[in-house]
Amino acid sequence: MSALVRTTTAADDPALAALWRRCFVAPHLSDLHALDPGRHRHTFVAENAEGDGIDAVVVYVPRLIRDAAGSPQRVGGIGSVATRPEARGRGLIRLLLAAAARTMTAEQCAWSLLFTGTPAVYRGSGWEEFASTYTEGTLAPSAVPATSPVRVATPQDDAEVVALHDAYNRTRPLSSLRAPEDWTVRLPAWYGPAERPLVAVDPASGALTGWIVAQHVEDRVEVREFAGAAESLGALFAAVGSRGRAAGLTRARVRIPGGPGVTAALPALLADARQVTERVGMARPLHATDAAVRATVTAPGAVHWYGDCF
């Protein structure tokens with residue numbers, strides 16, 4: 001059975017949404033797709049030659065991501081990859097990745113980035129895995145005394161949160177430069193309004209000193225993102241742990257870069273912290289050298305926040 005590889009038009013949007021609904025429990029994918037004004041030339045599909053519709057899709061998302069020196073580079077994010085179950089095993093994703101790589105190269109992407117639990121799908125197309133770490137353990141049984149007040153973030157905090165994030169990540173390798181639409185669409189899509197982030201407040205000035213996102217996944221709390229002063233982490237971790245215990249959770253994972261401030265604050269959240277290495281990130285050089293890409297993804301403090309996913 002043959003397939004026609006092509007880019008999409010607006011007429012394909014309903015079929016794409018239907019394919020994503022069938023393959024993922026992720027109703028926000030169409031909203032994320034709509035963020036890119038060039039989405040139709042960045043969306044590659046395999047159309048069944050028999051006229052049965054779209055069998056597979058790969059989306060290239062152009063993003064500005066900081067390199068090892070903290071300088072923004074155009075990077076091609078790969079996401080929303082899906083194949084109809086009946087069409088799997090025919091090499092369609094490999095064909096679509098090749099088409100995406102040609103367009104990313106033509107549009108001057110330095111390299112390409114993706115995250116996956118099935119790396120074998122991408123290895124043969126030039127993407128290579130890189131290691132990252134997180135810290136996990138049992139939730140601490142009780143909170144340490146908070147050094148600053150912590151409360152749920154509100155829309156009135158948005159400007160201060162953006163400023164905290166910008167300052168915290170100004171030179172951080174692998175972090176994305178966020179546009180206003182990322183804050184209004186992308187982050188709510190991945191983090192959701194139901195588990196609103198927490199903020200730490202300076203008791204003297206009332207200014208925000210820290211911002212943290214922690215979601216509940218199965219039996220654990222997942223700390224997805226942090227920005228702010230390291231001194232605020234103890235109070236934020238204590239509040240995250242308190243919410244987790246109240247929800248009946250027993251474990252936690254912390255996915256923020258390490259450092260003395262993080263290490264000092266971890267006992268407020270974890271009783272028995274241990275570091276775990278995983279390989280879910282994959283990169284492919286395009287205009288950049290392999291060495292430059294490797295330097296970025298392995299740099300100290302490098303992190304690609306979950307809220308910036310493609």
# chains A, B, ... in the order shown; residues from 1 in each chain; ligands from 1
call {"tool": "select_by_dssp", "arguments": {"residues": "range 59-244 of chain A", "states": "alpha helix (DSSP H)", "output": "compact mmCIF listing (two decimals) with N, CA and C atoms, in the first residue's frame"}}
result
# COMPACT_ATOMS: atom_id res chain seq x y z
N LEU A 92 6.07 4.97 7.54
CA LEU A 92 5.53 6.28 7.19
C LEU A 92 6.19 7.41 7.98
N ILE A 93 6.44 7.18 9.26
CA ILE A 93 7.05 8.23 10.08
C ILE A 93 8.44 8.54 9.57
N ARG A 94 9.19 7.55 9.13
CA ARG A 94 10.52 7.79 8.58
C ARG A 94 10.45 8.72 7.36
N LEU A 95 9.47 8.50 6.49
CA LEU A 95 9.30 9.36 5.32
C LEU A 95 8.95 10.79 5.73
N LEU A 96 8.08 10.93 6.71
CA LEU A 96 7.67 12.25 7.16
C LEU A 96 8.80 12.98 7.87
N LEU A 97 9.60 12.26 8.65
CA LEU A 97 10.75 12.89 9.32
C LEU A 97 11.75 13.40 8.29
N ALA A 98 11.95 12.66 7.22
CA ALA A 98 12.87 13.12 6.16
C ALA A 98 12.36 14.41 5.53
N ALA A 99 11.05 14.48 5.29
CA ALA A 99 10.47 15.70 4.72
C ALA A 99 10.61 16.86 5.70
N ALA A 100 10.35 16.60 6.98
CA ALA A 100 10.49 17.65 8.00
C ALA A 100 11.93 18.14 8.09
N ALA A 101 12.89 17.22 8.04
CA ALA A 101 14.30 17.61 8.13
C ALA A 101 14.70 18.50 6.95
N ARG A 102 14.19 18.23 5.77
CA ARG A 102 14.50 19.07 4.61
C ARG A 102 13.97 20.49 4.82
N THR A 103 12.75 20.60 5.32
CA THR A 103 12.17 21.92 5.54
C THR A 103 12.88 22.65 6.68
N MET A 104 13.19 21.96 7.78
CA MET A 104 13.90 22.59 8.88
C MET A 104 15.26 23.11 8.43
N THR A 105 15.94 22.34 7.60
CA THR A 105 17.24 22.77 7.08
C THR A 105 17.08 23.99 6.18
N ALA A 106 16.08 23.97 5.31
CA ALA A 106 15.83 25.10 4.41
C ALA A 106 15.46 26.36 5.19
N ALA A 120 13.56 4.27 19.28
CA ALA A 120 13.91 3.48 18.09
C ALA A 120 13.24 4.02 16.83
N VAL A 121 12.08 4.66 16.99
CA VAL A 121 11.37 5.22 15.84
C VAL A 121 12.21 6.29 15.16
N TYR A 122 13.06 7.01 15.92
CA TYR A 122 13.75 8.18 15.42
C TYR A 122 15.25 7.96 15.16
N ARG A 123 15.84 6.93 15.75
CA ARG A 123 17.28 6.73 15.62
C ARG A 123 17.70 6.59 14.16
N ASP A 158 0.64 37.32 36.79
CA ASP A 158 1.22 36.90 35.52
C ASP A 158 2.47 37.69 35.14
N ALA A 159 2.42 38.99 35.23
CA ALA A 159 3.57 39.80 34.82
C ALA A 159 4.80 39.50 35.66
N GLU A 160 4.61 39.35 36.97
CA GLU A 160 5.75 39.03 37.85
C GLU A 160 6.28 37.64 37.57
N VAL A 161 5.40 36.69 37.29
CA VAL A 161 5.84 35.32 36.99
C VAL A 161 6.67 35.30 35.71
N VAL A 162 6.21 36.02 34.69
CA VAL A 162 6.97 36.09 33.43
C VAL A 162 8.35 36.69 33.69
N ALA A 163 8.41 37.73 34.51
CA ALA A 163 9.70 38.36 34.82
C ALA A 163 10.60 37.40 35.58
N LEU A 164 10.05 36.65 36.54
CA LEU A 164 10.84 35.65 37.26
C LEU A 164 11.40 34.61 36.30
N HIS A 165 10.53 34.12 35.41
CA HIS A 165 10.94 33.10 34.46
C HIS A 165 12.05 33.62 33.54
N ASP A 166 11.87 34.83 33.02
CA ASP A 166 12.88 35.39 32.12
C ASP A 166 14.23 35.54 32.81
N ALA A 167 14.22 36.03 34.04
CA ALA A 167 15.47 36.22 34.77
C ALA A 167 16.13 34.89 35.10
N TYR A 168 15.33 33.91 35.51
CA TYR A 168 15.88 32.62 35.93
C TYR A 168 16.49 31.85 34.74
N PRO A 180 4.30 35.72 24.32
CA PRO A 180 3.06 35.86 25.09
C PRO A 180 2.08 34.72 24.86
N GLU A 181 1.98 34.23 23.61
CA GLU A 181 1.03 33.15 23.33
C GLU A 181 1.45 31.82 23.98
N LEU A 187 1.43 26.92 27.96
CA LEU A 187 1.56 26.50 29.35
C LEU A 187 0.26 25.98 29.94
N PRO A 188 -0.88 26.66 29.75
CA PRO A 188 -2.12 26.07 30.25
C PRO A 188 -2.43 24.70 29.64
N ALA A 189 -2.03 24.50 28.37
CA ALA A 189 -2.28 23.22 27.73
C ALA A 189 -1.53 22.09 28.43
N TRP A 190 -0.28 22.34 28.80
CA TRP A 190 0.52 21.29 29.43
C TRP A 190 0.36 21.24 30.94
N TYR A 191 0.14 22.39 31.58
CA TYR A 191 0.05 22.42 33.03
C TYR A 191 -1.37 22.42 33.54
N LEU A 233 12.74 28.04 47.61
CA LEU A 233 12.41 26.66 47.28
C LEU A 233 11.94 25.85 48.48
N GLY A 234 12.52 26.08 49.64
CA GLY A 234 12.12 25.30 50.81
C GLY A 234 10.64 25.47 51.11
N ALA A 235 10.16 26.72 51.12
CA ALA A 235 8.75 26.97 51.38
C ALA A 235 7.87 26.41 50.28
N LEU A 236 8.31 26.55 49.02
CA LEU A 236 7.52 26.02 47.91
C LEU A 236 7.46 24.50 47.94
N PHE A 237 8.60 23.86 48.18
CA PHE A 237 8.61 22.39 48.28
C PHE A 237 7.70 21.92 49.42
N ALA A 238 7.74 22.61 50.55
CA ALA A 238 6.90 22.22 51.68
C ALA A 238 5.42 22.30 51.31
N ALA A 239 5.04 23.34 50.59
CA ALA A 239 3.65 23.49 50.17
C ALA A 239 3.24 22.43 49.15
N VAL A 240 4.16 22.13 48.23
CA VAL A 240 3.90 21.07 47.25
C VAL A 240 3.70 19.73 47.95
N GLY A 241 4.56 19.43 48.91
CA GLY A 241 4.43 18.18 49.64
C GLY A 241 3.14 18.11 50.43
N SER A 242 2.75 19.22 51.03
CA SER A 242 1.50 19.24 51.79
C SER A 242 0.31 18.96 50.90
N ARG A 243 0.27 19.55 49.72
CA ARG A 243 -0.82 19.29 48.79
C ARG A 243 -0.80 17.83 48.33
N GLY A 244 0.40 17.30 48.08
CA GLY A 244 0.49 15.91 47.65
C GLY A 244 -0.01 14.94 48.71
call {"tool": "select_by_dssp", "arguments": {"residues": "range 25-265 of chain A", "states": "strand (DSSP E)", "output": "PyMOL selection string"}}
result
chain A and resi 43-48+54-66+72-83+111-115+128-138+150-152+198-201+208-217+220-228+251-254
call {"tool": "write_last_selection", "arguments": {"atoms": "C-alpha atoms", "output": "short mmCIF file (atom, residue, chain, number, x, y, z; two decimals), in the first residue's frame"}}
result
data_model
loop_
_atom_site.label_atom_id
_atom_site.label_comp_id
_atom_site.auth_asym_id
_atom_site.auth_seq_id
_atom_site.Cartn_x
_atom_site.Cartn_y
_atom_site.Cartn_z
CA THR A 43 2.90 19.74 9.05
CA PHE A 44 3.75 16.62 7.06
CA VAL A 45 1.23 13.88 6.41
CA ALA A 46 1.11 10.53 4.66
CA GLU A 47 -2.11 10.38 2.69
CA ASN A 48 -3.40 6.99 1.72
CA ILE A 54 -4.44 10.70 6.46
CA ASP A 55 -2.50 7.73 7.79
CA ALA A 56 0.30 9.54 9.68
CA VAL A 57 1.46 12.99 10.71
CA VAL A 58 4.66 14.70 11.91
CA VAL A 59 4.71 18.36 12.95
CA TYR A 60 7.79 20.59 12.97
CA VAL A 61 7.47 23.44 15.50
CA PRO A 62 9.99 26.30 15.08
CA ARG A 63 11.26 27.50 18.46
CA LEU A 64 14.01 29.75 19.78
CA ILE A 65 16.07 27.71 22.23
CA ARG A 66 19.21 28.83 24.06
CA PRO A 72 18.95 31.81 21.18
CA GLN A 73 19.06 29.51 18.15
CA ARG A 74 16.27 28.50 15.79
CA VAL A 75 15.47 24.86 16.60
CA GLY A 76 13.00 22.52 14.94
CA GLY A 77 10.87 20.81 17.56
CA ILE A 78 9.23 17.57 16.43
CA GLY A 79 5.87 16.75 17.97
CA SER A 80 2.29 15.52 17.53
CA VAL A 81 3.64 12.41 15.79
CA ALA A 82 0.83 9.92 15.15
CA THR A 83 -0.02 6.97 12.88
CA TRP A 111 19.26 21.53 15.00
CA SER A 112 16.16 19.53 15.86
CA LEU A 113 14.80 18.40 19.22
CA LEU A 114 12.17 15.91 20.32
CA PHE A 115 11.12 13.95 23.39
CA GLU A 128 20.32 10.64 18.87
CA GLU A 129 19.39 10.30 22.52
CA PHE A 130 20.84 12.41 25.30
CA ALA A 131 20.67 11.86 29.05
CA SER A 132 18.86 13.99 31.59
CA THR A 133 18.27 13.51 35.31
CA TYR A 134 15.53 14.00 37.84
CA THR A 135 15.35 13.48 41.61
CA GLU A 136 12.73 11.26 43.20
CA GLY A 137 11.81 9.77 46.54
CA THR A 138 9.16 9.36 49.20
CA VAL A 150 3.21 30.56 49.81
CA ARG A 151 -0.12 30.84 48.01
CA VAL A 152 -1.81 29.79 44.81
CA LEU A 198 2.20 28.18 43.62
CA VAL A 199 4.13 31.36 44.34
CA ALA A 200 6.32 32.39 47.25
CA VAL A 201 5.91 35.96 48.50
CA LEU A 208 7.06 37.29 44.30
CA THR A 209 10.31 35.44 45.02
CA GLY A 210 9.49 32.05 43.50
CA TRP A 211 7.06 30.19 41.23
CA ILE A 212 6.61 26.44 41.01
CA VAL A 213 4.48 24.04 38.95
CA ALA A 214 3.72 20.62 40.45
CA GLN A 215 1.23 18.16 38.96
CA HIS A 216 -0.25 14.97 40.36
CA VAL A 217 0.59 11.90 38.25
CA ARG A 220 3.32 10.93 42.85
CA VAL A 221 3.83 14.66 42.62
CA GLU A 222 5.78 15.83 39.54
CA VAL A 223 7.58 19.13 40.05
CA ARG A 224 7.63 20.36 36.44
CA GLU A 225 9.10 23.85 36.65
CA PHE A 226 10.56 26.45 38.97
CA ALA A 227 11.73 30.03 38.62
CA GLY A 228 12.96 32.47 41.22
CA ARG A 251 6.09 9.96 46.18
CA ALA A 252 7.53 12.90 44.28
CA ARG A 253 9.78 13.64 41.30
CA VAL A 254 11.65 16.91 40.90
#
call {"tool": "closest_residue", "arguments": {"among": "A:Ala204, A:Ala292, A:Ala15, A:Ala229", "to": "Gly261 in chain A", "atoms": "only C-alpha atoms"}}
result
A:Ala229
call {"tool": "residues_around", "arguments": {"residues": "Ala17 in chain A", "least_positions_apart": "5", "cutoff": "12 Å", "atoms": "only C-alpha atoms", "output": "JSON, numbers by chain"}}
result
{"A": [10, 11, 12, 22, 23, 24, 25, 26, 27, 28, 29, 30, 31, 32, 33, 34, 54, 56, 57, 80, 82]}
call {"tool": "write_last_selection", "arguments": {"atoms": "N, CA and C atoms", "output": "PDB file, in the first residue's frame"}}
result
ATOM      1  N   ALA A  10      -5.522  24.156   5.366  1.00  0.00           N
ATOM      2  CA  ALA A  10      -6.550  24.334   6.395  1.00  0.00           C
ATOM      3  C   ALA A  10      -7.643  23.279   6.279  1.00  0.00           C
ATOM      4  N   ALA A  11      -7.867  22.775   5.070  1.00  0.00           N
ATOM      5  CA  ALA A  11      -8.905  21.753   4.880  1.00  0.00           C
ATOM      6  C   ALA A  11      -8.581  20.458   5.598  1.00  0.00           C
ATOM      7  N   ASP A  12      -7.298  20.251   5.943  1.00  0.00           N
ATOM      8  CA  ASP A  12      -6.897  19.016   6.636  1.00  0.00           C
ATOM      9  C   ASP A  12      -7.071  19.096   8.146  1.00  0.00           C
ATOM     10  N   ARG A  22      -7.705  10.104  18.172  1.00  0.00           N
ATOM     11  CA  ARG A  22      -7.675   8.638  18.165  1.00  0.00           C
ATOM     12  C   ARG A  22      -6.406   8.089  18.810  1.00  0.00           C
ATOM     13  N   CYS A  23      -5.289   8.796  18.622  1.00  0.00           N
ATOM     14  CA  CYS A  23      -3.998   8.279  19.082  1.00  0.00           C
ATOM     15  C   CYS A  23      -3.593   8.764  20.465  1.00  0.00           C
ATOM     16  N   PHE A  24      -4.132   9.900  20.912  1.00  0.00           N
ATOM     17  CA  PHE A  24      -3.713  10.486  22.186  1.00  0.00           C
ATOM     18  C   PHE A  24      -4.920  10.938  23.000  1.00  0.00           C
ATOM     19  N   VAL A  25      -4.739  10.946  24.315  1.00  0.00           N
ATOM     20  CA  VAL A  25      -5.693  11.640  25.180  1.00  0.00           C
ATOM     21  C   VAL A  25      -5.089  13.014  25.426  1.00  0.00           C
ATOM     22  N   ALA A  26      -5.229  13.880  24.437  1.00  0.00           N
ATOM     23  CA  ALA A  26      -4.599  15.197  24.479  1.00  0.00           C
ATOM     24  C   ALA A  26      -5.417  16.169  23.646  1.00  0.00           C
ATOM     25  N   PRO A  27      -6.537  16.626  24.166  1.00  0.00           N
ATOM     26  CA  PRO A  27      -7.420  17.504  23.386  1.00  0.00           C
ATOM     27  C   PRO A  27      -6.800  18.849  23.033  1.00  0.00           C
ATOM     28  N   HIS A  28      -5.666  19.183  23.665  1.00  0.00           N
ATOM     29  CA  HIS A  28      -5.047  20.480  23.426  1.00  0.00           C
ATOM     30  C   HIS A  28      -4.133  20.510  22.206  1.00  0.00           C
ATOM     31  N   LEU A  29      -3.900  19.375  21.540  1.00  0.00           N
ATOM     32  CA  LEU A  29      -2.938  19.359  20.444  1.00  0.00           C
ATOM     33  C   LEU A  29      -3.329  20.298  19.310  1.00  0.00           C
ATOM     34  N   SER A  30      -4.592  20.372  19.003  1.00  0.00           N
ATOM     35  CA  SER A  30      -5.021  21.288  17.938  1.00  0.00           C
ATOM     36  C   SER A  30      -4.773  22.741  18.327  1.00  0.00           C
ATOM     37  N   ASP A  31      -4.963  23.079  19.597  1.00  0.00           N
ATOM     38  CA  ASP A  31      -4.700  24.445  20.052  1.00  0.00           C
ATOM     39  C   ASP A  31      -3.214  24.788  19.943  1.00  0.00           C
ATOM     40  N   LEU A  32      -2.351  23.827  20.299  1.00  0.00           N
ATOM     41  CA  LEU A  32      -0.914  24.046  20.173  1.00  0.00           C
ATOM     42  C   LEU A  32      -0.518  24.179  18.709  1.00  0.00           C
ATOM     43  N   HIS A  33      -1.104  23.340  17.881  1.00  0.00           N
ATOM     44  CA  HIS A  33      -0.820  23.382  16.447  1.00  0.00           C
ATOM     45  C   HIS A  33      -1.148  24.760  15.885  1.00  0.00           C
ATOM     46  N   ALA A  34      -2.205  25.361  16.359  1.00  0.00           N
ATOM     47  CA  ALA A  34      -2.659  26.649  15.835  1.00  0.00           C
ATOM     48  C   ALA A  34      -1.735  27.802  16.212  1.00  0.00           C
ATOM     49  N   ILE A  54      -5.788  10.542   5.916  1.00  0.00           N
ATOM     50  CA  ILE A  54      -4.440  10.696   6.465  1.00  0.00           C
ATOM     51  C   ILE A  54      -4.091   9.505   7.337  1.00  0.00           C
ATOM     52  N   ALA A  56      -0.726   9.177   8.702  1.00  0.00           N
ATOM     53  CA  ALA A  56       0.302   9.536   9.682  1.00  0.00           C
ATOM     54  C   ALA A  56       0.607  11.020   9.571  1.00  0.00           C
ATOM     55  N   VAL A  57       1.134  11.568  10.676  1.00  0.00           N
ATOM     56  CA  VAL A  57       1.461  12.995  10.715  1.00  0.00           C
ATOM     57  C   VAL A  57       2.709  13.224  11.564  1.00  0.00           C
ATOM     58  N   SER A  80       3.606  15.951  18.047  1.00  0.00           N
ATOM     59  CA  SER A  80       2.295  15.517  17.527  1.00  0.00           C
ATOM     60  C   SER A  80       2.438  14.418  16.490  1.00  0.00           C
ATOM     61  N   ALA A  82       1.892  10.924  14.990  1.00  0.00           N
ATOM     62  CA  ALA A  82       0.833   9.922  15.149  1.00  0.00           C
ATOM     63  C   ALA A  82       0.665   9.132  13.861  1.00  0.00           C
TER      64      ALA A  82
END
call {"tool": "atom_distance", "arguments": {"atom1": "CA of Thr8 in chain A", "atom2": "CA of His40 in chain A"}}
result
4.9 Å
call {"tool": "closest_residue", "arguments": {"among": "A:Ser205, A:Thr263, A:Ser232, A:Ser176", "to": "Ala302 in chain A", "atoms": "only C-alpha atoms"}}
result
A:Ser176
call {"tool": "closest_residue", "arguments": {"among": "A:Ala3, A:Ala268, A:Ala299, A:Ala273", "to": "Ser142 in chain A", "atoms": "only C-alpha atoms"}}
result
A:Ala268
call {"tool": "atom_distance", "arguments": {"atom1": "CA of Met282 in chain A", "atom2": "CA of Pro257 in chain A"}}
result
18.4 Å
call {"tool": "atom_distance", "arguments": {"atom1": "CA of Arg245 in chain A", "atom2": "CA of Gly258 in chain A"}}
result
23.7 Å
